[in-house]
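S.K.: Dropping in model_25.csv, with CSV, C-alpha atoms.
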```csv
chain,number,residue,atom,x,y,z
A,1472,MET,CA,3.5,-23.2,3.9
A,1473,SER,CA,0.6,-25.6,3.5
A,1474,LYS,CA,-2.9,-24.6,2.4
A,1475,SER,CA,-5.4,-24.9,5.3
A,1476,PRO,CA,-9.1,-24.0,5.0
A,1477,GLY,CA,-8.9,-23.4,8.8
A,1478,PHE,CA,-6.7,-20.4,8.3
A,1479,MET,CA,-9.2,-18.8,5.9
A,1480,ALA,CA,-12.0,-19.5,8.3
A,1481,ARG,CA,-10.0,-17.7,11.0
A,1482,ALA,CA,-9.5,-14.7,8.6
A,1483,LEU,CA,-13.2,-14.7,7.9
A,1484,ALA,CA,-14.1,-14.7,11.6
A,1485,GLU,CA,-11.8,-11.7,12.0
A,1486,ALA,CA,-13.5,-9.9,9.1
A,1487,ARG,CA,-16.9,-10.6,10.7
A,1488,LEU,CA,-15.7,-9.1,14.0
A,1489,GLY,CA,-14.7,-5.9,12.2
A,1490,VAL,CA,-18.1,-5.6,10.5
A,1491,GLU,CA,-19.9,-6.1,13.8
A,1492,ARG,CA,-17.7,-3.4,15.4
A,1493,GLY,CA,-18.2,-1.0,12.4
A,1494,ASP,CA,-14.5,-0.7,12.1
A,1495,GLY,CA,-14.4,-0.8,8.3
A,1496,GLY,CA,-15.2,-3.0,5.3
A,1497,PRO,CA,-15.8,-6.8,5.4
A,1498,PHE,CA,-12.2,-7.9,5.1
A,1499,GLY,CA,-9.8,-10.0,7.3
A,1500,ALA,CA,-6.3,-11.2,6.9
A,1501,LEU,CA,-3.7,-13.4,8.6
A,1502,ILE,CA,0.0,-13.9,8.3
A,1503,VAL,CA,1.0,-17.5,9.0
A,1504,GLN,CA,4.5,-18.9,9.5
A,1505,GLY,CA,4.6,-22.6,9.2
A,1506,ASN,CA,1.4,-23.5,11.1
A,1507,ARG,CA,1.6,-20.5,13.5
A,1508,ILE,CA,-0.6,-17.4,13.1
A,1509,ILE,CA,1.7,-14.4,13.5
A,1510,SER,CA,-0.9,-11.7,13.0
A,1511,CYS,CA,-4.6,-11.5,12.5
A,1512,ASN,CA,-6.3,-8.2,11.5
A,1513,HIS,CA,-9.5,-6.8,10.1
A,1514,ASN,CA,-10.1,-3.6,8.0
A,1515,GLU,CA,-10.0,-0.5,10.3
A,1516,VAL,CA,-10.2,2.3,7.7
A,1517,LEU,CA,-13.2,3.9,9.4
A,1518,VAL,CA,-12.3,3.5,13.1
A,1519,ARG,CA,-8.7,4.7,12.5
A,1520,ARG,CA,-9.7,7.2,9.8
A,1521,ASP,CA,-6.8,5.8,7.8
A,1522,PRO,CA,-7.2,4.9,4.1
A,1523,THR,CA,-4.2,2.5,4.4
A,1524,ALA,CA,-5.7,0.5,7.3
A,1525,HIS,CA,-6.7,-2.5,5.1
A,1526,ALA,CA,-6.6,-5.9,6.8
A,1527,GLU,CA,-3.6,-7.1,4.8
A,1528,ILE,CA,-1.5,-3.9,5.5
A,1529,LEU,CA,-2.2,-4.1,9.2
A,1530,ALA,CA,-1.4,-7.9,9.3
A,1531,ILE,CA,1.9,-7.4,7.4
A,1532,ARG,CA,2.9,-4.5,9.6
A,1533,ALA,CA,2.1,-6.5,12.8
A,1534,ALA,CA,3.9,-9.6,11.6
A,1535,ALA,CA,7.0,-7.6,10.6
A,1536,LEU,CA,7.0,-6.0,14.1
A,1537,VAL,CA,6.6,-9.4,15.8
A,1538,LEU,CA,9.4,-11.0,13.7
A,1539,GLY,CA,11.6,-7.8,13.9
A,1540,ARG,CA,12.3,-7.6,10.2
A,1541,PRO,CA,10.7,-6.1,7.1
A,1542,HIS,CA,10.9,-9.3,5.0
A,1543,LEU,CA,8.4,-12.1,5.6
A,1544,THR,CA,9.9,-14.6,3.1
A,1545,ASP,CA,9.0,-17.6,5.3
A,1546,CYS,CA,5.3,-16.5,5.7
A,1547,VAL,CA,2.0,-16.9,3.8
A,1548,LEU,CA,-0.8,-14.4,3.6
A,1549,TYR,CA,-4.5,-15.4,4.0
A,1550,THR,CA,-7.0,-12.8,3.0
A,1551,THR,CA,-10.8,-12.9,2.6
A,1552,CYS,CA,-10.6,-10.9,-0.6
A,1553,GLU,CA,-8.0,-10.6,-3.4
A,1554,PRO,CA,-5.6,-7.9,-2.3
A,1555,CYS,CA,-6.0,-4.5,-3.9
A,1556,PRO,CA,-2.8,-3.1,-5.6
A,1557,MET,CA,-1.8,-1.3,-2.3
A,1558,CYS,CA,-1.9,-4.6,-0.4
A,1559,LEU,CA,-0.4,-6.7,-3.2
A,1560,GLY,CA,2.4,-4.2,-3.4
A,1561,ALA,CA,2.9,-4.4,0.4
A,1562,ALA,CA,3.0,-8.3,0.2
A,1563,ALA,CA,5.6,-8.0,-2.6
A,1564,TRP,CA,7.8,-5.5,-0.7
A,1565,ALA,CA,7.6,-7.9,2.3
A,1566,ARG,CA,8.8,-10.7,-0.1
A,1567,ILE,CA,5.8,-12.9,0.8
A,1568,PRO,CA,6.0,-15.8,-1.6
A,1569,ARG,CA,2.4,-17.0,-1.6
A,1570,LEU,CA,-1.1,-15.8,-0.7
A,1571,PHE,CA,-4.5,-17.3,-0.5
A,1572,TYR,CA,-7.6,-15.1,-1.2
A,1573,GLY,CA,-11.4,-15.6,-1.0
A,1574,CYS,CA,-13.5,-13.1,-3.0
A,1575,THR,CA,-12.2,-11.4,-6.1
A,1576,ARG,CA,-11.7,-7.7,-7.1
A,1577,ASN,CA,-14.9,-8.0,-9.1
A,1578,ASP,CA,-16.8,-9.4,-6.1
A,1579,ALA,CA,-15.5,-6.3,-4.1
A,1580,GLU,CA,-16.8,-4.0,-6.8
A,1581,LYS,CA,-20.3,-5.5,-6.6
A,1582,ILE,CA,-20.6,-4.4,-3.0
A,1583,GLY,CA,-19.2,-0.9,-3.8
A,1584,PHE,CA,-15.4,-1.0,-3.3
A,1585,SER,CA,-12.9,0.5,-5.7
A,1586,ASP,CA,-10.3,-2.4,-6.0
A,1587,ARG,CA,-10.9,-3.1,-9.7
A,1588,ARG,CA,-10.7,0.6,-10.6
A,1589,ILE,CA,-7.4,0.9,-8.7
A,1590,TYR,CA,-6.1,-2.1,-10.6
A,1591,ALA,CA,-7.1,-0.2,-13.7
A,1592,LEU,CA,-5.1,2.9,-12.5
A,1593,VAL,CA,-1.9,0.9,-11.9
A,1594,ARG,CA,-2.4,-0.9,-15.2
A,1595,ASP,CA,-3.1,2.4,-17.2
A,1596,GLU,CA,-6.4,1.0,-18.3
A,1597,PRO,CA,-9.7,2.9,-18.9
A,1598,ASP,CA,-12.4,3.3,-16.3
A,1599,SER,CA,-9.8,3.8,-13.5
A,1600,ILE,CA,-9.9,5.9,-10.3
A,1601,PRO,CA,-8.8,9.4,-11.5
A,1602,LEU,CA,-5.4,10.5,-10.3
A,1603,GLU,CA,-3.3,13.0,-12.2
A,1604,ARG,CA,0.4,12.2,-12.1
A,1605,ILE,CA,2.9,15.0,-13.1
A,1606,SER,CA,6.7,14.8,-13.3
A,1607,LEU,CA,8.5,17.6,-11.5
A,1608,ASP,CA,12.2,18.3,-10.6
A,1609,ARG,CA,13.4,14.9,-11.6
A,1610,ARG,CA,17.0,16.1,-12.0
A,1611,SER,CA,17.4,17.3,-8.4
A,1612,CYS,CA,15.7,14.1,-7.1
A,1613,LEU,CA,18.1,12.0,-9.1
A,1614,ARG,CA,21.1,13.6,-7.4
A,1615,LEU,CA,20.0,12.2,-4.1
A,1616,PHE,CA,19.6,8.7,-5.7
A,1617,THR,CA,23.2,8.9,-6.9
A,1618,GLU,CA,24.5,10.1,-3.5
A,1619,TRP,CA,22.7,7.2,-1.9
A,1620,ARG,CA,24.1,4.6,-4.3
A,1621,LEU,CA,27.6,5.9,-3.7
A,1622,ARG,CA,27.3,5.7,0.2
A,1623,LYS,CA,29.1,2.7,1.8
A,1624,ASP,CA,26.4,2.3,4.4
A,1625,SER,CA,23.3,2.1,2.2
A,1626,VAL,CA,21.1,-0.9,2.8
A,1627,LEU,CA,18.7,-2.3,0.2
A,1628,TYR,CA,15.4,-3.9,1.2
B,1123,MET,CA,-3.6,22.8,-5.6
B,1124,SER,CA,-0.9,24.8,-7.5
B,1125,LYS,CA,2.4,23.3,-8.6
B,1126,SER,CA,5.3,24.6,-6.5
B,1127,PRO,CA,8.9,23.6,-6.9
B,1128,GLY,CA,9.3,24.7,-3.3
B,1129,PHE,CA,7.2,21.8,-2.1
B,1130,MET,CA,9.3,19.3,-4.0
B,1131,ALA,CA,12.5,20.8,-2.6
B,1132,ARG,CA,11.0,20.3,0.9
B,1133,ALA,CA,10.2,16.6,0.1
B,1134,LEU,CA,13.8,16.2,-1.1
B,1135,ALA,CA,15.2,17.7,2.1
B,1136,GLU,CA,13.1,15.3,4.1
B,1137,ALA,CA,14.4,12.4,1.9
B,1138,ARG,CA,18.0,13.5,2.6
B,1139,LEU,CA,17.3,13.6,6.3
B,1140,GLY,CA,16.1,10.0,6.2
B,1141,VAL,CA,19.3,8.9,4.3
B,1142,GLU,CA,21.6,10.7,6.8
B,1143,ARG,CA,19.8,8.9,9.7
B,1144,GLY,CA,19.9,5.5,7.9
B,1145,ASP,CA,16.1,5.2,8.3
B,1146,GLY,CA,15.5,3.7,4.9
B,1147,GLY,CA,15.8,4.5,1.2
B,1148,PRO,CA,16.2,7.9,-0.4
B,1149,PHE,CA,12.6,8.9,-0.6
B,1150,GLY,CA,10.5,11.8,0.9
B,1151,ALA,CA,6.8,12.8,0.5
B,1152,LEU,CA,4.5,15.7,1.5
B,1153,ILE,CA,0.8,16.1,1.7
B,1154,VAL,CA,-0.2,19.7,0.9
B,1155,GLN,CA,-3.7,21.2,1.3
B,1156,GLY,CA,-3.9,24.6,-0.5
B,1157,ASN,CA,-0.5,26.1,0.4
B,1158,ARG,CA,-0.2,24.4,3.7
B,1159,ILE,CA,2.0,21.3,4.4
B,1160,ILE,CA,-0.1,18.8,6.4
B,1161,SER,CA,2.5,16.1,6.6
B,1162,CYS,CA,6.1,15.5,5.7
B,1163,ASN,CA,7.7,12.1,5.9
B,1164,HIS,CA,10.7,10.0,4.7
B,1165,ASN,CA,11.1,6.3,4.1
B,1166,GLU,CA,11.4,4.4,7.5
B,1167,VAL,CA,11.4,0.8,6.3
B,1168,LEU,CA,14.7,0.0,8.0
B,1169,VAL,CA,14.2,1.9,11.3
B,1170,ARG,CA,10.6,0.6,11.8
B,1171,ARG,CA,11.4,-2.8,10.3
B,1172,ASP,CA,8.1,-2.2,8.4
B,1173,PRO,CA,7.9,-3.0,4.7
B,1174,THR,CA,4.9,-0.6,4.3
B,1175,ALA,CA,6.7,2.4,5.8
B,1176,HIS,CA,7.3,4.2,2.5
B,1177,ALA,CA,7.3,8.0,2.7
B,1178,GLU,CA,4.0,8.3,0.8
B,1179,ILE,CA,2.2,5.8,3.1
B,1180,LEU,CA,3.5,7.5,6.2
B,1181,ALA,CA,2.5,11.0,4.8
B,1182,ILE,CA,-1.0,9.8,3.8
B,1183,ARG,CA,-1.6,8.2,7.2
B,1184,ALA,CA,-0.3,11.3,9.0
B,1185,ALA,CA,-2.4,13.7,7.0
B,1186,ALA,CA,-5.6,11.5,7.4
B,1187,LEU,CA,-4.9,11.5,11.2
B,1188,VAL,CA,-4.4,15.3,11.2
B,1189,LEU,CA,-7.6,16.0,9.2
B,1190,GLY,CA,-9.6,13.3,11.0
B,1191,ARG,CA,-10.9,11.6,7.8
B,1192,PRO,CA,-9.7,8.9,5.4
B,1193,HIS,CA,-10.3,10.9,2.3
B,1194,LEU,CA,-7.9,13.6,1.2
B,1195,THR,CA,-9.9,14.9,-1.8
B,1196,ASP,CA,-8.6,18.5,-1.3
B,1197,CYS,CA,-5.0,17.5,-1.0
B,1198,VAL,CA,-2.0,17.0,-3.3
B,1199,LEU,CA,0.9,14.5,-2.9
B,1200,TYR,CA,4.5,15.5,-3.6
B,1201,THR,CA,6.9,12.6,-3.7
B,1202,THR,CA,10.6,12.5,-4.7
B,1203,CYS,CA,10.0,9.3,-6.7
B,1204,GLU,CA,7.1,7.9,-8.7
B,1205,PRO,CA,4.9,6.0,-6.2
B,1206,CYS,CA,5.1,2.2,-6.3
B,1207,PRO,CA,1.8,0.3,-6.7
B,1208,MET,CA,1.4,0.2,-2.9
B,1209,CYS,CA,1.7,3.9,-2.6
B,1210,LEU,CA,-0.3,4.7,-5.7
B,1211,GLY,CA,-3.0,2.5,-4.4
B,1212,ALA,CA,-3.0,4.3,-1.1
B,1213,ALA,CA,-3.3,7.7,-2.8
B,1214,ALA,CA,-6.2,6.3,-4.8
B,1215,TRP,CA,-8.0,5.0,-1.7
B,1216,ALA,CA,-7.4,8.4,-0.1
B,1217,ARG,CA,-9.0,10.0,-3.2
B,1218,ILE,CA,-6.1,12.3,-3.8
B,1219,PRO,CA,-6.8,13.9,-7.2
B,1220,ARG,CA,-3.2,14.9,-8.2
B,1221,LEU,CA,0.4,14.0,-7.4
B,1222,PHE,CA,3.8,15.4,-8.4
B,1223,TYR,CA,6.8,13.0,-8.6
B,1224,GLY,CA,10.5,13.4,-9.1
B,1225,CYS,CA,12.4,10.2,-10.2
B,1226,THR,CA,10.7,7.4,-12.1
B,1227,ARG,CA,10.2,3.7,-11.3
B,1228,ASN,CA,13.1,3.0,-13.8
B,1229,ASP,CA,15.4,5.4,-11.9
B,1230,ALA,CA,14.5,3.5,-8.7
B,1231,GLU,CA,15.4,0.2,-10.4
B,1232,LYS,CA,18.8,1.5,-11.3
B,1233,ILE,CA,19.7,2.0,-7.7
B,1234,GLY,CA,18.4,-1.4,-6.7
B,1235,PHE,CA,14.7,-1.0,-5.7
B,1236,SER,CA,11.9,-3.3,-6.9
B,1237,ASP,CA,9.2,-0.7,-8.0
B,1238,ARG,CA,9.2,-1.6,-11.7
B,1239,ARG,CA,9.0,-5.4,-10.9
B,1240,ILE,CA,6.1,-4.7,-8.5
B,1241,TYR,CA,4.3,-2.8,-11.3
B,1242,ALA,CA,4.9,-5.9,-13.5
B,1243,LEU,CA,3.3,-8.0,-10.8
B,1244,VAL,CA,0.1,-5.9,-10.6
B,1245,ARG,CA,0.0,-5.7,-14.4
B,1246,ASP,CA,0.5,-9.4,-14.8
B,1247,GLU,CA,3.6,-8.7,-17.0
B,1248,PRO,CA,6.8,-10.8,-17.2
B,1249,ASP,CA,9.9,-10.2,-15.1
B,1250,SER,CA,7.8,-9.4,-12.0
B,1251,ILE,CA,8.4,-10.0,-8.3
B,1252,PRO,CA,7.3,-13.6,-7.8
B,1253,LEU,CA,4.1,-14.0,-5.7
B,1254,GLU,CA,1.8,-17.0,-6.0
B,1255,ARG,CA,-1.9,-16.1,-5.7
B,1256,ILE,CA,-4.3,-18.9,-5.0
B,1257,SER,CA,-8.1,-18.8,-4.8
B,1258,LEU,CA,-9.6,-20.5,-1.6
B,1259,ASP,CA,-13.0,-20.6,0.1
B,1260,ARG,CA,-14.5,-17.9,-2.2
B,1261,ARG,CA,-18.1,-19.1,-1.4
B,1262,SER,CA,-17.9,-18.6,2.3
B,1263,CYS,CA,-16.1,-15.3,2.0
B,1264,LEU,CA,-18.9,-14.1,-0.4
B,1265,ARG,CA,-21.5,-14.8,2.2
B,1266,LEU,CA,-20.0,-12.1,4.5
B,1267,PHE,CA,-20.0,-9.6,1.5
B,1268,THR,CA,-23.7,-10.2,1.1
B,1269,GLU,CA,-24.4,-9.8,4.8
B,1270,TRP,CA,-22.4,-6.6,4.8
B,1271,ARG,CA,-24.3,-5.2,1.7
B,1272,LEU,CA,-27.6,-5.9,3.4
B,1273,ARG,CA,-26.8,-4.2,6.7
B,1274,LYS,CA,-28.3,-0.7,7.2
B,1275,ASP,CA,-25.3,0.6,9.0
B,1276,SER,CA,-22.6,-0.2,6.4
B,1277,VAL,CA,-20.4,2.7,5.4
B,1278,LEU,CA,-18.5,2.8,2.1
B,1279,TYR,CA,-15.1,4.6,1.8
```
Could you take the file, read its structure, and then write that structure out as structure tokens?
M.R.:
Amino acid sequence: MSKSPGFMARALAEARLGVERGDGGPFGALIVQGNRIISCNHNEVLVRRDPTAHAEILAIRAAALVLGRPHLTDCVLYTTCEPCPMCLGAAAWARIPRLFYGCTRNDAEKIGFSDRRIYALVRDEPDSIPLERISLDRRSCLRLFTEWRLRKDSVLY
Amino acid sequence: MSKSPGFMARALAEARLGVERGDGGPFGALIVQGNRIISCNHNEVLVRRDPTAHAEILAIRAAALVLGRPHLTDCVLYTTCEPCPMCLGAAAWARIPRLFYGCTRNDAEKIGFSDRRIYALVRDEPDSIPLERISLDRRSCLRLFTEWRLRKDSVLY
């Protein structure tokens, strides 16, 4: 769980590799368990044509696959930029207790990325990415929630 | 782009299928382009052992793959529950302009899911999922941002 500048240097080298290949933006991430690197990924949004292929998402998915479980409670995330809300949410769902980040959401905005405006969306603040959210059929969706809660085999995560 | 209760019913049927299979939580999502369903997925966190395998993430990834581009500006998302910050962020990165949702983040909390507490994390509010965020090596990470900005072949998304 210890802080190590070596891990961030490794994430940065991975980010640089992605830029040289043209795979996506200048971002890299590692998942570390103790002193062992479990996964190491760079942004692949362009090469995969996948808007969710951020370095952190790929590293979290890869680590969960390696460890065989969706929870990474004993792991730490190193990322060359403050995670956007998508990636911060992924880290939270994975129950990662601690992350180290290099650049900030404002640094990302200065080179043209939307991180800060997506934070504004999730925070219901002005100047956010526009995304209209409309409630529909809540009652019928709630019925399935109740059925799920009453099942004996339901598993929380 | 029109609202259609039929699409939400389809998302709900997909969610129910996932519950019956034990693949994950009671959540389903569709990506719709015009009146055509491009992708249709349910939560697979347990079966894939992947904390990012929410219905919305899977549907966005699948639709981007089908359409061959990371941006879904001409698509609408239907989801049986208000997207968590991870999924809302994914929809924003995909430039989806509108989404319809069934249950709310508070409904999800009542059956044991962390959506509301992850919103609190992204919003820096109390009672959030705990996740320590520590700044490290910003200066060296910023150098790669500058290099990326100065390249002639850099592509924004």
S.K.: How many Å lie between CA of Tyr1223 (chain B) and CA of Asp1598 (chain A), rounded to one decimal?
M.R.: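 Answer for the CA of Tyr1223 (chain B) to CA of Asp1598 (chain A) separation: 22.8 Å.
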S.K.: So that each row is one residue of region 1134-1216 of chain B with an atom at most 8 Å from region 1227-1230 of chain B, can you give its shortest atom pair and the distance in Å to one decimal, using all atoms listed in the file, rows by chain and rising number, as JSON lines?
M.R.:
```
{"residue": "B:Cys1203", "atom": "CA", "partner": "B:Arg1227", "partner_atom": "CA", "distance": 7.2}
{"residue": "B:Glu1204", "atom": "CA", "partner": "B:Arg1227", "partner_atom": "CA", "distance": 5.8}
{"residue": "B:Pro1205", "atom": "CA", "partner": "B:Arg1227", "partner_atom": "CA", "distance": 7.7}
{"residue": "B:Cys1206", "atom": "CA", "partner": "B:Arg1227", "partner_atom": "CA", "distance": 7.3}
```
S.K.: After a least-squares superposition on chain B over all sequentially paired C-alpha atoms, what is chain A as a short mmCIF file (atom, residue, chain, number, x, y, z; two decimals) with C-alpha atoms, in the coordinates of the input?
M.R.:
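Dumped to part34.cif:
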```
data_model
loop_
_atom_site.label_atom_id
_atom_site.label_comp_id
_atom_site.auth_asym_id
_atom_site.auth_seq_id
_atom_site.Cartn_x
_atom_site.Cartn_y
_atom_site.Cartn_z
CA MET A 1472 -3.65 22.81 -5.66
CA SER A 1473 -0.93 24.73 -7.47
CA LYS A 1474 2.39 23.25 -8.57
CA SER A 1475 5.29 24.65 -6.48
CA PRO A 1476 8.93 23.58 -6.94
CA GLY A 1477 9.34 24.63 -3.26
CA PHE A 1478 7.19 21.77 -2.11
CA MET A 1479 9.35 19.23 -3.98
CA ALA A 1480 12.46 20.78 -2.55
CA ARG A 1481 10.95 20.34 0.93
CA ALA A 1482 10.20 16.63 0.11
CA LEU A 1483 13.74 16.21 -1.09
CA ALA A 1484 15.20 17.73 2.09
CA GLU A 1485 13.09 15.25 4.05
CA ALA A 1486 14.39 12.35 1.95
CA ARG A 1487 17.97 13.54 2.57
CA LEU A 1488 17.34 13.59 6.33
CA GLY A 1489 16.18 9.97 6.21
CA VAL A 1490 19.29 8.87 4.29
CA GLU A 1491 21.56 10.64 6.76
CA ARG A 1492 19.72 8.93 9.66
CA GLY A 1493 19.84 5.49 7.90
CA ASP A 1494 16.15 5.21 8.32
CA GLY A 1495 15.47 3.72 4.89
CA GLY A 1496 15.72 4.44 1.16
CA PRO A 1497 16.20 7.91 -0.42
CA PHE A 1498 12.56 8.90 -0.60
CA GLY A 1499 10.46 11.81 0.86
CA ALA A 1500 6.90 12.85 0.54
CA LEU A 1501 4.51 15.64 1.54
CA ILE A 1502 0.80 16.09 1.63
CA VAL A 1503 -0.21 19.69 0.90
CA GLN A 1504 -3.64 21.28 1.30
CA GLY A 1505 -3.91 24.52 -0.50
CA ASN A 1506 -0.49 26.02 0.34
CA ARG A 1507 -0.22 24.31 3.77
CA ILE A 1508 2.00 21.25 4.37
CA ILE A 1509 -0.11 18.77 6.33
CA SER A 1510 2.48 16.03 6.62
CA CYS A 1511 6.06 15.51 5.69
CA ASN A 1512 7.70 12.04 5.91
CA HIS A 1513 10.70 10.08 4.75
CA ASN A 1514 11.08 6.28 4.11
CA GLU A 1515 11.44 4.43 7.48
CA VAL A 1516 11.33 0.79 6.29
CA LEU A 1517 14.61 -0.05 8.02
CA VAL A 1518 14.27 1.89 11.31
CA ARG A 1519 10.67 0.67 11.82
CA ARG A 1520 11.33 -2.76 10.30
CA ASP A 1521 8.11 -2.23 8.36
CA PRO A 1522 7.91 -2.97 4.61
CA THR A 1523 4.91 -0.57 4.34
CA ALA A 1524 6.76 2.41 5.87
CA HIS A 1525 7.31 4.18 2.49
CA ALA A 1526 7.36 7.98 2.61
CA GLU A 1527 4.05 8.34 0.78
CA ILE A 1528 2.19 5.79 3.06
CA LEU A 1529 3.44 7.50 6.19
CA ALA A 1530 2.54 11.01 4.81
CA ILE A 1531 -1.00 9.88 3.82
CA ARG A 1532 -1.55 8.20 7.16
CA ALA A 1533 -0.34 11.32 9.07
CA ALA A 1534 -2.41 13.69 6.97
CA ALA A 1535 -5.55 11.56 7.39
CA LEU A 1536 -4.96 11.57 11.19
CA VAL A 1537 -4.42 15.36 11.23
CA LEU A 1538 -7.56 16.03 9.11
CA GLY A 1539 -9.60 13.28 10.96
CA ARG A 1540 -10.85 11.57 7.84
CA PRO A 1541 -9.69 8.86 5.44
CA HIS A 1542 -10.32 10.90 2.26
CA LEU A 1543 -7.85 13.61 1.24
CA THR A 1544 -9.80 14.88 -1.81
CA ASP A 1545 -8.68 18.50 -1.23
CA CYS A 1546 -4.93 17.54 -0.98
CA VAL A 1547 -1.97 17.00 -3.35
CA LEU A 1548 0.85 14.56 -2.92
CA TYR A 1549 4.53 15.51 -3.54
CA THR A 1550 6.94 12.65 -3.73
CA THR A 1551 10.63 12.44 -4.71
CA CYS A 1552 10.01 9.30 -6.71
CA GLU A 1553 7.02 7.94 -8.70
CA PRO A 1554 4.91 6.03 -6.22
CA CYS A 1555 5.18 2.26 -6.29
CA PRO A 1556 1.81 0.39 -6.74
CA MET A 1557 1.38 0.16 -2.88
CA CYS A 1558 1.66 3.95 -2.57
CA LEU A 1559 -0.32 4.74 -5.73
CA GLY A 1560 -3.03 2.48 -4.44
CA ALA A 1561 -2.95 4.26 -1.04
CA ALA A 1562 -3.21 7.72 -2.83
CA ALA A 1563 -6.20 6.37 -4.82
CA TRP A 1564 -8.00 4.96 -1.73
CA ALA A 1565 -7.42 8.39 -0.08
CA ARG A 1566 -9.07 9.97 -3.22
CA ILE A 1567 -6.04 12.24 -3.79
CA PRO A 1568 -6.71 13.88 -7.12
CA ARG A 1569 -3.19 14.85 -8.17
CA LEU A 1570 0.44 14.02 -7.40
CA PHE A 1571 3.78 15.35 -8.36
CA TYR A 1572 6.81 12.96 -8.55
CA GLY A 1573 10.58 13.37 -9.16
CA CYS A 1574 12.43 10.20 -10.23
CA THR A 1575 10.73 7.40 -12.09
CA ARG A 1576 10.21 3.64 -11.37
CA ASN A 1577 13.05 2.97 -13.77
CA ASP A 1578 15.34 5.43 -11.96
CA ALA A 1579 14.47 3.50 -8.68
CA GLU A 1580 15.42 0.24 -10.34
CA LYS A 1581 18.86 1.57 -11.32
CA ILE A 1582 19.74 2.06 -7.68
CA GLY A 1583 18.35 -1.40 -6.72
CA PHE A 1584 14.67 -0.98 -5.73
CA SER A 1585 11.89 -3.26 -6.87
CA ASP A 1586 9.18 -0.67 -7.96
CA ARG A 1587 9.18 -1.59 -11.65
CA ARG A 1588 8.97 -5.32 -10.88
CA ILE A 1589 6.01 -4.69 -8.55
CA TYR A 1590 4.34 -2.72 -11.31
CA ALA A 1591 4.91 -5.77 -13.44
CA LEU A 1592 3.23 -8.02 -10.77
CA VAL A 1593 0.09 -5.85 -10.58
CA ARG A 1594 0.02 -5.61 -14.36
CA ASP A 1595 0.52 -9.46 -14.88
CA GLU A 1596 3.56 -8.76 -16.96
CA PRO A 1597 6.79 -10.85 -17.21
CA ASP A 1598 9.87 -10.21 -15.12
CA SER A 1599 7.75 -9.41 -12.01
CA ILE A 1600 8.41 -9.98 -8.28
CA PRO A 1601 7.26 -13.63 -7.73
CA LEU A 1602 4.12 -14.01 -5.67
CA GLU A 1603 1.84 -17.01 -6.01
CA ARG A 1604 -1.82 -16.11 -5.69
CA ILE A 1605 -4.35 -18.99 -5.03
CA SER A 1606 -8.14 -18.77 -4.71
CA LEU A 1607 -9.55 -20.50 -1.66
CA ASP A 1608 -13.04 -20.63 0.01
CA ARG A 1609 -14.50 -17.93 -2.12
CA ARG A 1610 -18.07 -19.06 -1.43
CA SER A 1611 -17.88 -18.64 2.36
CA CYS A 1612 -16.11 -15.24 1.93
CA LEU A 1613 -18.86 -14.09 -0.38
CA ARG A 1614 -21.50 -14.74 2.27
CA LEU A 1615 -19.96 -12.12 4.48
CA PHE A 1616 -19.93 -9.63 1.52
CA THR A 1617 -23.66 -10.19 1.08
CA GLU A 1618 -24.39 -9.82 4.83
CA TRP A 1619 -22.46 -6.57 4.77
CA ARG A 1620 -24.30 -5.17 1.75
CA LEU A 1621 -27.62 -5.98 3.37
CA ARG A 1622 -26.74 -4.18 6.73
CA LYS A 1623 -28.37 -0.73 7.19
CA ASP A 1624 -25.32 0.63 8.94
CA SER A 1625 -22.60 -0.21 6.41
CA VAL A 1626 -20.44 2.69 5.36
CA LEU A 1627 -18.52 2.80 2.08
CA TYR A 1628 -15.16 4.56 1.80
#
```
S.K.: Which residue, A:Arg1569, A:Arg1481, A:His1513, A:Arg1492, has the smallest gap to chain B when you use all atoms listed in the file?
M.R.: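 The answer is A:Arg1569, which sits nearest to chain B.
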S.K.: Calculate how many Å separate CA of Glu1178 (chain B) from CA of Ser1161 (chain B), rounding to one decimal.
M.R.: 9.8 Å
S.K.: Using all atoms listed in the file for the distances, tell me which of B:Leu1194, B:Leu1134, B:Met1208, B:Leu1272 is nearest to chain A.
M.R.: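 Closest to chain A, using all atoms listed in the file: B:Met1208.
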S.K.: Specify as a ChimeraX atom specification all residues of chain B found within 6 Å of chain A, counting all atoms listed in the file.
M.R.: /B:1171-1174,1183,1186,1191-1192,1202,1207-1208,1211-1212,1215-1216,1219-1225,1245,1253-1260,1263
S.K.: Using CA of Asn1514 (chain A) and CA of Ala1500 (chain A) as the two end points, give the distance in Å to one decimal.
M.R.: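 Computing the Euclidean distance for CA of Asn1514 (chain A) and CA of Ala1500 (chain A) yields 8.6 Å.
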S.K.: Could you put an axis-aligned box around every listed atom of region 1494-1503 of chain A, padded by 6 Å on each side, and send me its centre and edge lengths in Å to one decimal, as AutoDock Vina command-line options?
M.R.:
```
--center_x -7.4 --center_y -9.1 --center_z 8.6 --size_x 28.8 --size_y 28.8 --size_z 19.0
```
